[in-house]
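*Asks:* Structure incoming, see below.
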Amino acid sequence: MDVLLRAHGLTKRFGEGCPSCLDETGARVGTNRCPRCGAVWAVRDASVELRREEAVGIVGESGSGKSTLVRLLHFDLRATAGWLEAARIPALEPIPDLYPKGSDWTRDLLSMDGFRQRRARDLCMGIVYQHPHLGLRMGVSSGGNIAERLLSAGWRSIGAMRGRAGGLLERTEIPLSRMDEPPKVFSGGMQQRVQIAKALSGDPPILLLDEVTTGLDLSVQARVLDLVRSLRDELRLSMLVVSHDLGVVNLLCQRTLVMKNGEVVESGLTDQILQDPQHPYTQLLVSSQLQ
Amino acid sequence: MRAREWIERPRGAEPAFAFLDDGAKKDVRRALLKAVAIPGYQVPYGSREMPLARGWGTGGIQITLSILLPSDVVKVIDQGCDGSVNAVNIRKFYARVADVETTTDTAAATLVQTRHRIPEERMRDDQILVLQVPYPEALREVEPSEMQTRRMHAEADYARMWLRLYEDVVRFGEIRLSYRYPCTVNGRHVMDPSPVPRWDVPKLHMADTLFLFGAGRERRIYAVPPHTRVEPLEFDDHRFRVEDFSGKACGRCGATGTFLDEVVLPDGSRAHFCSDTGLCDKRKEGTWTSS
Amino acid sequence: MRNEPLLSVEDLRKTFRLHMQGGLEVHALRGVSFRVDRGEFVGLSGPSGAGKSTVLKVVHRTYLPTSGSVRFESAAFGAIDLAAASEARVVELRKREIGYVSQFLRVIPRVGARDLVAEPIQARLGLSREEALDRAGRLLDRLRIPRALRDAYPSTFSGGEQQRVNIARAVGWKPALLLLDEPTASLDAGSCDIVLEILRELRDQGSTMLGIFHDPELMGRIADRTIPIGGD
């Protein structure tokens, strides 16, 4: 299985930082925040690989850095350190000079200017956030939310855009009759499904899911997860699934990373993480889950 | 020395030609050069104190004062009318500070300053049109943050504007904008043509004339050089349309195919009159010939 | 069929380190070696808690072995030591060649019984959805899952029904190597007979199996030979 995306040494620090930071923060110490200078090390030296048609889970508790990690990959935040490269994906061809001559890997995407980063991201990634208002324009119609992506890509026919938006909404089980309504009148589960439709509108090979079912009612959660599962198989997506719920990750992902205080403490096959956890924290996490 | 003596003391130098000092003129001229070099791009400049309140045309006046020559013949219109209080006062001001000839005949003018209308007669390559602009930022309606709109222009990220038009079509069946219709200039920047009606937008496209736009309150200058593409934002299946005056004629000169103002008469009935009063006069006097 | 073994386990050891119990070490396997030839059904026998399940889980890579090797002759990748293989490799093998049946059905919310069984058939054998559903349906029929329940969600089924769906899901795509961990634990005698019949057919069609049965009599009826685990 070829690797699509590889990130190494990802770090995000909020605040100045000081010489003691590294010794006074991290998984072993049990905190993200440096007691001397107050800097918060949200993510420290995290590495992750995503292969074609693979789903990787990222689990951890609050403050583990799992959401921050995904935001770094999506360029919502600027990384303090680390590099990120993408393989030769057809979706990225339109960007000029992205691949050094003769290389199968892009330049370091983290050190590129914001404009090219955003272009690369819009071409190969879709994201679904926990809170729909982060990923959707609540006052714009659902069809419009999807059309925005298409408009960015240069679509100029309203009929064609509505056709594509309608298809995506149908696929995410939203009645076509509601295409022109804004998401703010929808239920939480439906809002998530609009987010999913929007994330998929550009046909990205990679989908990032940041706690997408947290806070939803159980039956609604099941519906959304079922949708994500079937889309994953049908569209052959690569996915990064962030969740604090091991059950979600067990359902969707073949591999899982466990994070604590910004660091990746363990990674492996999902069933191995759940049934034969090696790291003390993973053992604690697994034994704490209700089953 | 008492205050009054100080205030009324004789000054050394003569008052500057056309009111503005050299420094102010240089600032505006530099901005104009940059504006012409990057069609449709809003160039910031240091907007000077004018003997007119902000929001009444100070931007247009600063441009005119910076490029006026004693040989110029100046026409000033307000909503197409030479006779409005504002237009009259500004014209008198130019006559006094620059000793230039003034006119109400577009064909005879070398420089035309206008608020919210473009003259009906096609302007030539030896003429300049200066437009007064209240709100230079085309994207302000969809994005309140100045930092964001600057980024959007820099990255040619106009999806939000297109989305606004999409939403109009979806909700109302057509694009509702009647003035300040956004246009793509030279295939690159989206520009607000100032509050001219749709009727006037096609006049900007591939014209022989230089168009200069001044926003004094907002401190921005932009330009459309001659023979530049100015294309209103439209969809393949929902094209740009101008106002429809079929079946109507000017009650004063009988003209058709010109922008008409609708007037409610004292007896409650409606009549239409040419917005371009200078042209209406010429037609009435019989001195106008179409070229 | 006596050619080289499909699976060859060499001095396999597994020690669990329980950090929450102060680092307590539990030695689950202390050096297990055996081989499984192609087309064989090998049973693992031994006292309860001796590590039979552990052996299966290590082969499946659900458990990480502490030391030893697990050599598997993969049709796609040649000879592989599952103990040392990369995660990506193991994922591929589980997708294409190695199957696993446990006592517990992994319920996927909102997916009906027939869809559950059809999924791997469609994905791994490359059949169309209709063909996969058809095969799944027939398999469920054989295992006496009432037609009315075909599209119901197995979370509502009885233990026995769940287990039968589980077995159907694991055998439907005919894995090269099938690992079975007490697959008939909650089944009545009649169902056990049907399951054994299906497993025999699977073996005759070329699948190799390594399994544990709680009932030694059952094991005797299907296994070509048994290997004792623990107590040695």
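In the structure tokens, each chain is lettered A, B, ... as it comes, each chain's residues begin at 1, and ligands are numbered from 1 in order of appearance.
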May I have all residues of segment 27-222 of chain A that DSSP, computed from the backbone, assigns to strand (DSSP E or B), given as a ChimeraX atom specification?

*Replies:* /A:31,33,40-51,55-59,81-87,105,125-128,206-210

*Asks:* Could you pull out the helix (DSSP H, G or I) residues of segment 60-291 of chain B from DSSP and send them as a PyMOL selection string?

*Replies:* chain B and resi 60-67+85-98+106-108+146-154+159-172+198-204+277-285

*Asks:* For chain A, work out the contacting residues on chain C at 7 Å, counting only C-alpha atoms, and write them as an MDAnalysis selection string.

*Replies:* chainID C and resid 19:20 62:63 87:88 109:110

*Asks:* List every residue of chain B that has an atom at most 9 Å from any atom of chain A, giving for each one its closest atom pair and the distance in Å to one decimal, counting only C-alpha atoms, sorted by chain and then by ascending residue number, as a Markdown table.

*Replies:*
| residue | atom | partner | partner_atom | distance |
| --- | --- | --- | --- | --- |
| B:Ala154 | CA | A:Phe115 | CA | 8.9 |
| B:Glu155 | CA | A:Phe115 | CA | 6.4 |
| B:Asp157 | CA | A:Ser152 | CA | 7.2 |
| B:Tyr158 | CA | A:Ser152 | CA | 7.3 |
| B:Ala159 | CA | A:Ser152 | CA | 5.0 |
| B:Arg160 | CA | A:Glu148 | CA | 7.0 |
| B:Trp162 | CA | A:Leu151 | CA | 6.8 |
| B:Leu163 | CA | A:Glu148 | CA | 5.8 |
| B:Arg164 | CA | A:Val140 | CA | 8.7 |
| B:Tyr166 | CA | A:Gly144 | CA | 7.1 |
| B:Glu167 | CA | A:Gly144 | CA | 6.5 |
| B:Val169 | CA | A:Ile158 | CA | 8.4 |
| B:Val170 | CA | A:Asp180 | CA | 7.2 |
| B:Arg171 | CA | A:Asp180 | CA | 7.7 |
| B:Glu234 | CA | A:Arg156 | CA | 7.8 |
| B:Phe235 | CA | A:Arg156 | CA | 5.1 |
| B:Asp236 | CA | A:Ser157 | CA | 5.1 |
| B:Asp237 | CA | A:Ser157 | CA | 5.7 |
| B:His238 | CA | A:Ile158 | CA | 7.6 |

*Asks:* Please list as a PyMOL selection string every residue within 8 Å of segment 30-42 of chain C, counting only C-alpha atoms and excluding residues in the same chain fewer than 6 positions away.

*Replies:* chain C and resi 1-14+68+203-204+206-211+222-227+229

*Asks:* Keeping N, CA and C atoms for every residue in the selection just given, could you write it to a file as a PDB file, in the first residue's frame?

*Replies:*
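File produced: result_18.pdb:
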ATOM      1  N   MET C   1      -2.491 -33.060   1.410  1.00  0.00           N
ATOM      2  CA  MET C   1      -1.539 -32.287   0.611  1.00  0.00           C
ATOM      3  C   MET C   1      -0.304 -32.017   1.446  1.00  0.00           C
ATOM      4  N   ARG C   2       0.771 -32.680   1.164  1.00  0.00           N
ATOM      5  CA  ARG C   2       1.960 -32.447   1.988  1.00  0.00           C
ATOM      6  C   ARG C   2       3.018 -31.697   1.191  1.00  0.00           C
ATOM      7  N   ASN C   3       2.918 -30.361   1.143  1.00  0.00           N
ATOM      8  CA  ASN C   3       4.063 -29.598   0.631  1.00  0.00           C
ATOM      9  C   ASN C   3       4.581 -28.792   1.809  1.00  0.00           C
ATOM     10  N   GLU C   4       5.194 -27.636   1.525  1.00  0.00           N
ATOM     11  CA  GLU C   4       5.729 -26.928   2.690  1.00  0.00           C
ATOM     12  C   GLU C   4       4.568 -26.347   3.484  1.00  0.00           C
ATOM     13  N   PRO C   5       4.801 -26.130   4.772  1.00  0.00           N
ATOM     14  CA  PRO C   5       3.692 -25.690   5.615  1.00  0.00           C
ATOM     15  C   PRO C   5       3.235 -24.277   5.233  1.00  0.00           C
ATOM     16  N   LEU C   6       1.937 -24.035   5.401  1.00  0.00           N
ATOM     17  CA  LEU C   6       1.417 -22.692   5.176  1.00  0.00           C
ATOM     18  C   LEU C   6       1.805 -21.798   6.350  1.00  0.00           C
ATOM     19  N   LEU C   7       1.807 -22.413   7.543  1.00  0.00           N
ATOM     20  CA  LEU C   7       2.103 -21.641   8.741  1.00  0.00           C
ATOM     21  C   LEU C   7       3.129 -22.407   9.571  1.00  0.00           C
ATOM     22  N   SER C   8       4.137 -21.680  10.039  1.00  0.00           N
ATOM     23  CA  SER C   8       5.192 -22.343  10.810  1.00  0.00           C
ATOM     24  C   SER C   8       5.551 -21.484  12.007  1.00  0.00           C
ATOM     25  N   VAL C   9       5.167 -21.925  13.200  1.00  0.00           N
ATOM     26  CA  VAL C   9       5.405 -21.133  14.413  1.00  0.00           C
ATOM     27  C   VAL C   9       6.623 -21.696  15.131  1.00  0.00           C
ATOM     28  N   GLU C  10       7.555 -20.809  15.478  1.00  0.00           N
ATOM     29  CA  GLU C  10       8.852 -21.244  16.026  1.00  0.00           C
ATOM     30  C   GLU C  10       9.105 -20.551  17.350  1.00  0.00           C
ATOM     31  N   ASP C  11       9.163 -21.309  18.434  1.00  0.00           N
ATOM     32  CA  ASP C  11       9.526 -20.803  19.761  1.00  0.00           C
ATOM     33  C   ASP C  11       8.806 -19.502  20.111  1.00  0.00           C
ATOM     34  N   LEU C  12       7.520 -19.528  19.980  1.00  0.00           N
ATOM     35  CA  LEU C  12       6.725 -18.324  20.224  1.00  0.00           C
ATOM     36  C   LEU C  12       6.556 -18.076  21.711  1.00  0.00           C
ATOM     37  N   ARG C  13       6.886 -16.847  22.132  1.00  0.00           N
ATOM     38  CA  ARG C  13       6.704 -16.483  23.534  1.00  0.00           C
ATOM     39  C   ARG C  13       5.885 -15.216  23.615  1.00  0.00           C
ATOM     40  N   LYS C  14       5.005 -15.149  24.621  1.00  0.00           N
ATOM     41  CA  LYS C  14       4.232 -13.923  24.838  1.00  0.00           C
ATOM     42  C   LYS C  14       4.143 -13.636  26.317  1.00  0.00           C
ATOM     43  N   GLY C  68      10.104 -14.955  19.055  1.00  0.00           N
ATOM     44  CA  GLY C  68       9.735 -16.116  18.244  1.00  0.00           C
ATOM     45  C   GLY C  68       9.288 -15.659  16.869  1.00  0.00           C
ATOM     46  N   ARG C 203     -12.394 -26.461   3.789  1.00  0.00           N
ATOM     47  CA  ARG C 203     -11.089 -27.110   3.746  1.00  0.00           C
ATOM     48  C   ARG C 203     -10.900 -27.844   2.418  1.00  0.00           C
ATOM     49  N   ASP C 204     -11.961 -28.507   1.980  1.00  0.00           N
ATOM     50  CA  ASP C 204     -11.858 -29.232   0.715  1.00  0.00           C
ATOM     51  C   ASP C 204     -11.621 -28.283  -0.443  1.00  0.00           C
ATOM     52  N   GLY C 206      -9.706 -25.824  -0.294  1.00  0.00           N
ATOM     53  CA  GLY C 206      -8.332 -25.323  -0.263  1.00  0.00           C
ATOM     54  C   GLY C 206      -7.967 -24.448   0.911  1.00  0.00           C
ATOM     55  N   SER C 207      -8.911 -24.090   1.757  1.00  0.00           N
ATOM     56  CA  SER C 207      -8.562 -23.259   2.912  1.00  0.00           C
ATOM     57  C   SER C 207      -7.866 -24.096   3.975  1.00  0.00           C
ATOM     58  N   THR C 208      -6.991 -23.432   4.691  1.00  0.00           N
ATOM     59  CA  THR C 208      -6.296 -24.079   5.803  1.00  0.00           C
ATOM     60  C   THR C 208      -6.839 -23.486   7.088  1.00  0.00           C
ATOM     61  N   MET C 209      -6.972 -24.311   8.116  1.00  0.00           N
ATOM     62  CA  MET C 209      -7.570 -23.787   9.335  1.00  0.00           C
ATOM     63  C   MET C 209      -6.814 -24.166  10.590  1.00  0.00           C
ATOM     64  N   LEU C 210      -6.825 -23.215  11.532  1.00  0.00           N
ATOM     65  CA  LEU C 210      -6.214 -23.442  12.842  1.00  0.00           C
ATOM     66  C   LEU C 210      -7.255 -23.036  13.859  1.00  0.00           C
ATOM     67  N   GLY C 211      -7.690 -23.956  14.715  1.00  0.00           N
ATOM     68  CA  GLY C 211      -8.815 -23.582  15.561  1.00  0.00           C
ATOM     69  C   GLY C 211      -8.849 -24.212  16.932  1.00  0.00           C
ATOM     70  N   ILE C 222     -13.466 -32.737  13.330  1.00  0.00           N
ATOM     71  CA  ILE C 222     -13.052 -31.893  12.199  1.00  0.00           C
ATOM     72  C   ILE C 222     -11.541 -31.802  12.038  1.00  0.00           C
ATOM     73  N   ALA C 223     -10.821 -31.847  13.158  1.00  0.00           N
ATOM     74  CA  ALA C 223      -9.374 -31.606  13.063  1.00  0.00           C
ATOM     75  C   ALA C 223      -8.652 -32.804  12.474  1.00  0.00           C
ATOM     76  N   ASP C 224      -7.664 -32.505  11.605  1.00  0.00           N
ATOM     77  CA  ASP C 224      -6.820 -33.578  11.076  1.00  0.00           C
ATOM     78  C   ASP C 224      -5.851 -34.025  12.160  1.00  0.00           C
ATOM     79  N   ARG C 225      -5.417 -33.068  12.965  1.00  0.00           N
ATOM     80  CA  ARG C 225      -4.599 -33.408  14.138  1.00  0.00           C
ATOM     81  C   ARG C 225      -4.712 -32.263  15.134  1.00  0.00           C
ATOM     82  N   THR C 226      -4.333 -32.560  16.354  1.00  0.00           N
ATOM     83  CA  THR C 226      -4.373 -31.505  17.373  1.00  0.00           C
ATOM     84  C   THR C 226      -2.996 -31.320  17.975  1.00  0.00           C
ATOM     85  N   ILE C 227      -2.763 -30.100  18.396  1.00  0.00           N
ATOM     86  CA  ILE C 227      -1.487 -29.772  19.034  1.00  0.00           C
ATOM     87  C   ILE C 227      -1.793 -29.320  20.447  1.00  0.00           C
ATOM     88  N   ILE C 229      -1.371 -27.308  23.783  1.00  0.00           N
ATOM     89  CA  ILE C 229      -0.731 -26.050  24.192  1.00  0.00           C
ATOM     90  C   ILE C 229      -0.767 -25.964  25.706  1.00  0.00           C
TER      91      ILE C 229
END

*Asks:* Set the distance at 12 Å and use only C-alpha atoms: which residues neighbour Cys37 of chain A once local chain neighbours fewer than 4 positions away are removed? I'd like the list as a list in words.

*Replies:*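 Contacts, with the query itself left out: Arg13, Phe14, Gly15, Glu16, Gly17, Cys18, Pro19, Ser20, Cys21, Leu22, Glu24, Thr25, Asn32, Arg33 and Trp41 of chain A.
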
*Asks:* Do you know which residues are at most 8 Å from segment 131-139 of chain B counting only C-alpha atoms, after dropping those on the same chain fewer than 5 positions away, and could you put them as a PyMOL selection string?

*Replies:* chain B and resi 42+55+57-61+113-116+149+161+180+182+190-192+194-195+211-218+220

*Asks:* Would you mind reading off the distance between atom CA of Ile95 of chain A and atom CA of Gly166 of chain A, one decimal, in Å?

*Replies:*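 Distance reported for this atom pair: 28.4 Å.
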
*Asks:* Excluding segment 184-199 of chain A and residues on its chain fewer than 3 positions from it, collect all residues at most 7 Å away from it, counting only C-alpha atoms, and give them as a list in words.

*Replies:* Gly126, Ile127, Val128, Pro132, Gly135, Leu136, Met138, Gly139, Ser142, Asn145, Ile146, Leu168, Leu169, Thr172, Leu216, Val220 and Val224 of chain A

*Asks:* Give me a file of those residues, with N, CA and C atoms, as a short mmCIF file (atom, residue, chain, number, x, y, z; two decimals), in the first residue's frame.

*Replies:*
data_model
loop_
_atom_site.label_atom_id
_atom_site.label_comp_id
_atom_site.auth_asym_id
_atom_site.auth_seq_id
_atom_site.Cartn_x
_atom_site.Cartn_y
_atom_site.Cartn_z
N GLY A 126 -10.43 16.88 2.50
CA GLY A 126 -11.69 17.40 2.99
C GLY A 126 -11.67 17.25 4.50
N ILE A 127 -12.35 18.13 5.22
CA ILE A 127 -12.35 18.00 6.68
C ILE A 127 -13.75 18.13 7.23
N VAL A 128 -14.04 17.39 8.28
CA VAL A 128 -15.31 17.49 8.97
C VAL A 128 -14.99 17.75 10.45
N PRO A 132 -20.36 21.85 13.65
CA PRO A 132 -20.67 22.16 12.25
C PRO A 132 -20.40 23.62 11.88
N GLY A 135 -17.16 24.20 10.07
CA GLY A 135 -16.94 23.73 8.70
C GLY A 135 -17.98 24.23 7.72
N LEU A 136 -19.06 24.84 8.22
CA LEU A 136 -20.14 25.28 7.34
C LEU A 136 -20.42 26.75 7.54
N MET A 138 -23.35 28.79 8.25
CA MET A 138 -24.69 28.44 8.70
C MET A 138 -25.78 29.23 8.01
N GLY A 139 -25.45 30.43 7.54
CA GLY A 139 -26.48 31.26 6.94
C GLY A 139 -26.64 31.04 5.44
N SER A 142 -27.53 24.81 2.16
CA SER A 142 -26.67 23.62 2.16
C SER A 142 -26.05 23.41 0.79
N ASN A 145 -23.27 25.80 0.40
CA ASN A 145 -22.07 25.40 1.12
C ASN A 145 -21.22 24.47 0.25
N ILE A 146 -21.88 23.56 -0.42
CA ILE A 146 -21.17 22.63 -1.29
C ILE A 146 -20.68 23.38 -2.53
N LEU A 168 -24.46 14.78 -3.95
CA LEU A 168 -23.75 14.60 -2.69
C LEU A 168 -24.71 14.60 -1.51
N LEU A 169 -25.71 15.46 -1.55
CA LEU A 169 -26.66 15.51 -0.44
C LEU A 169 -27.47 14.23 -0.38
N THR A 172 -25.51 11.58 1.20
CA THR A 172 -25.42 11.71 2.65
C THR A 172 -26.80 11.74 3.29
N LEU A 216 -23.21 13.92 19.65
CA LEU A 216 -24.46 13.57 18.97
C LEU A 216 -25.17 12.47 19.74
N VAL A 220 -28.10 8.91 16.26
CA VAL A 220 -27.60 9.81 15.22
C VAL A 220 -26.14 9.48 14.93
N VAL A 224 -24.38 8.51 11.31
CA VAL A 224 -23.25 9.23 10.72
C VAL A 224 -22.06 8.29 10.51
#

*Asks:* I'd like the neighbourhood of segment 95-97 of chain C as a ChimeraX atom specification, where a residue qualifies if any of its atoms comes within 10 Å (using only C-alpha atoms), though same-chain residues fewer than 2 positions away should be ignored.

*Replies:* /C:74-76,89-93,99,120,123-125,173-178,207

*Asks:* Mind giving me the straight-line distance from atom CA of Leu98 of chain A to atom CA of Arg44 of chain A in Å, one decimal?

*Replies:*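 So the two atoms, atom CA of Leu98 of chain A and atom CA of Arg44 of chain A, lie 26.7 Å apart.
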
*Asks:* Could you state the separation of atom CA of Ala120 of chain A and atom CA of Leu84 of chain A in Å, given to one decimal place?

*Replies:* 12.0 Å
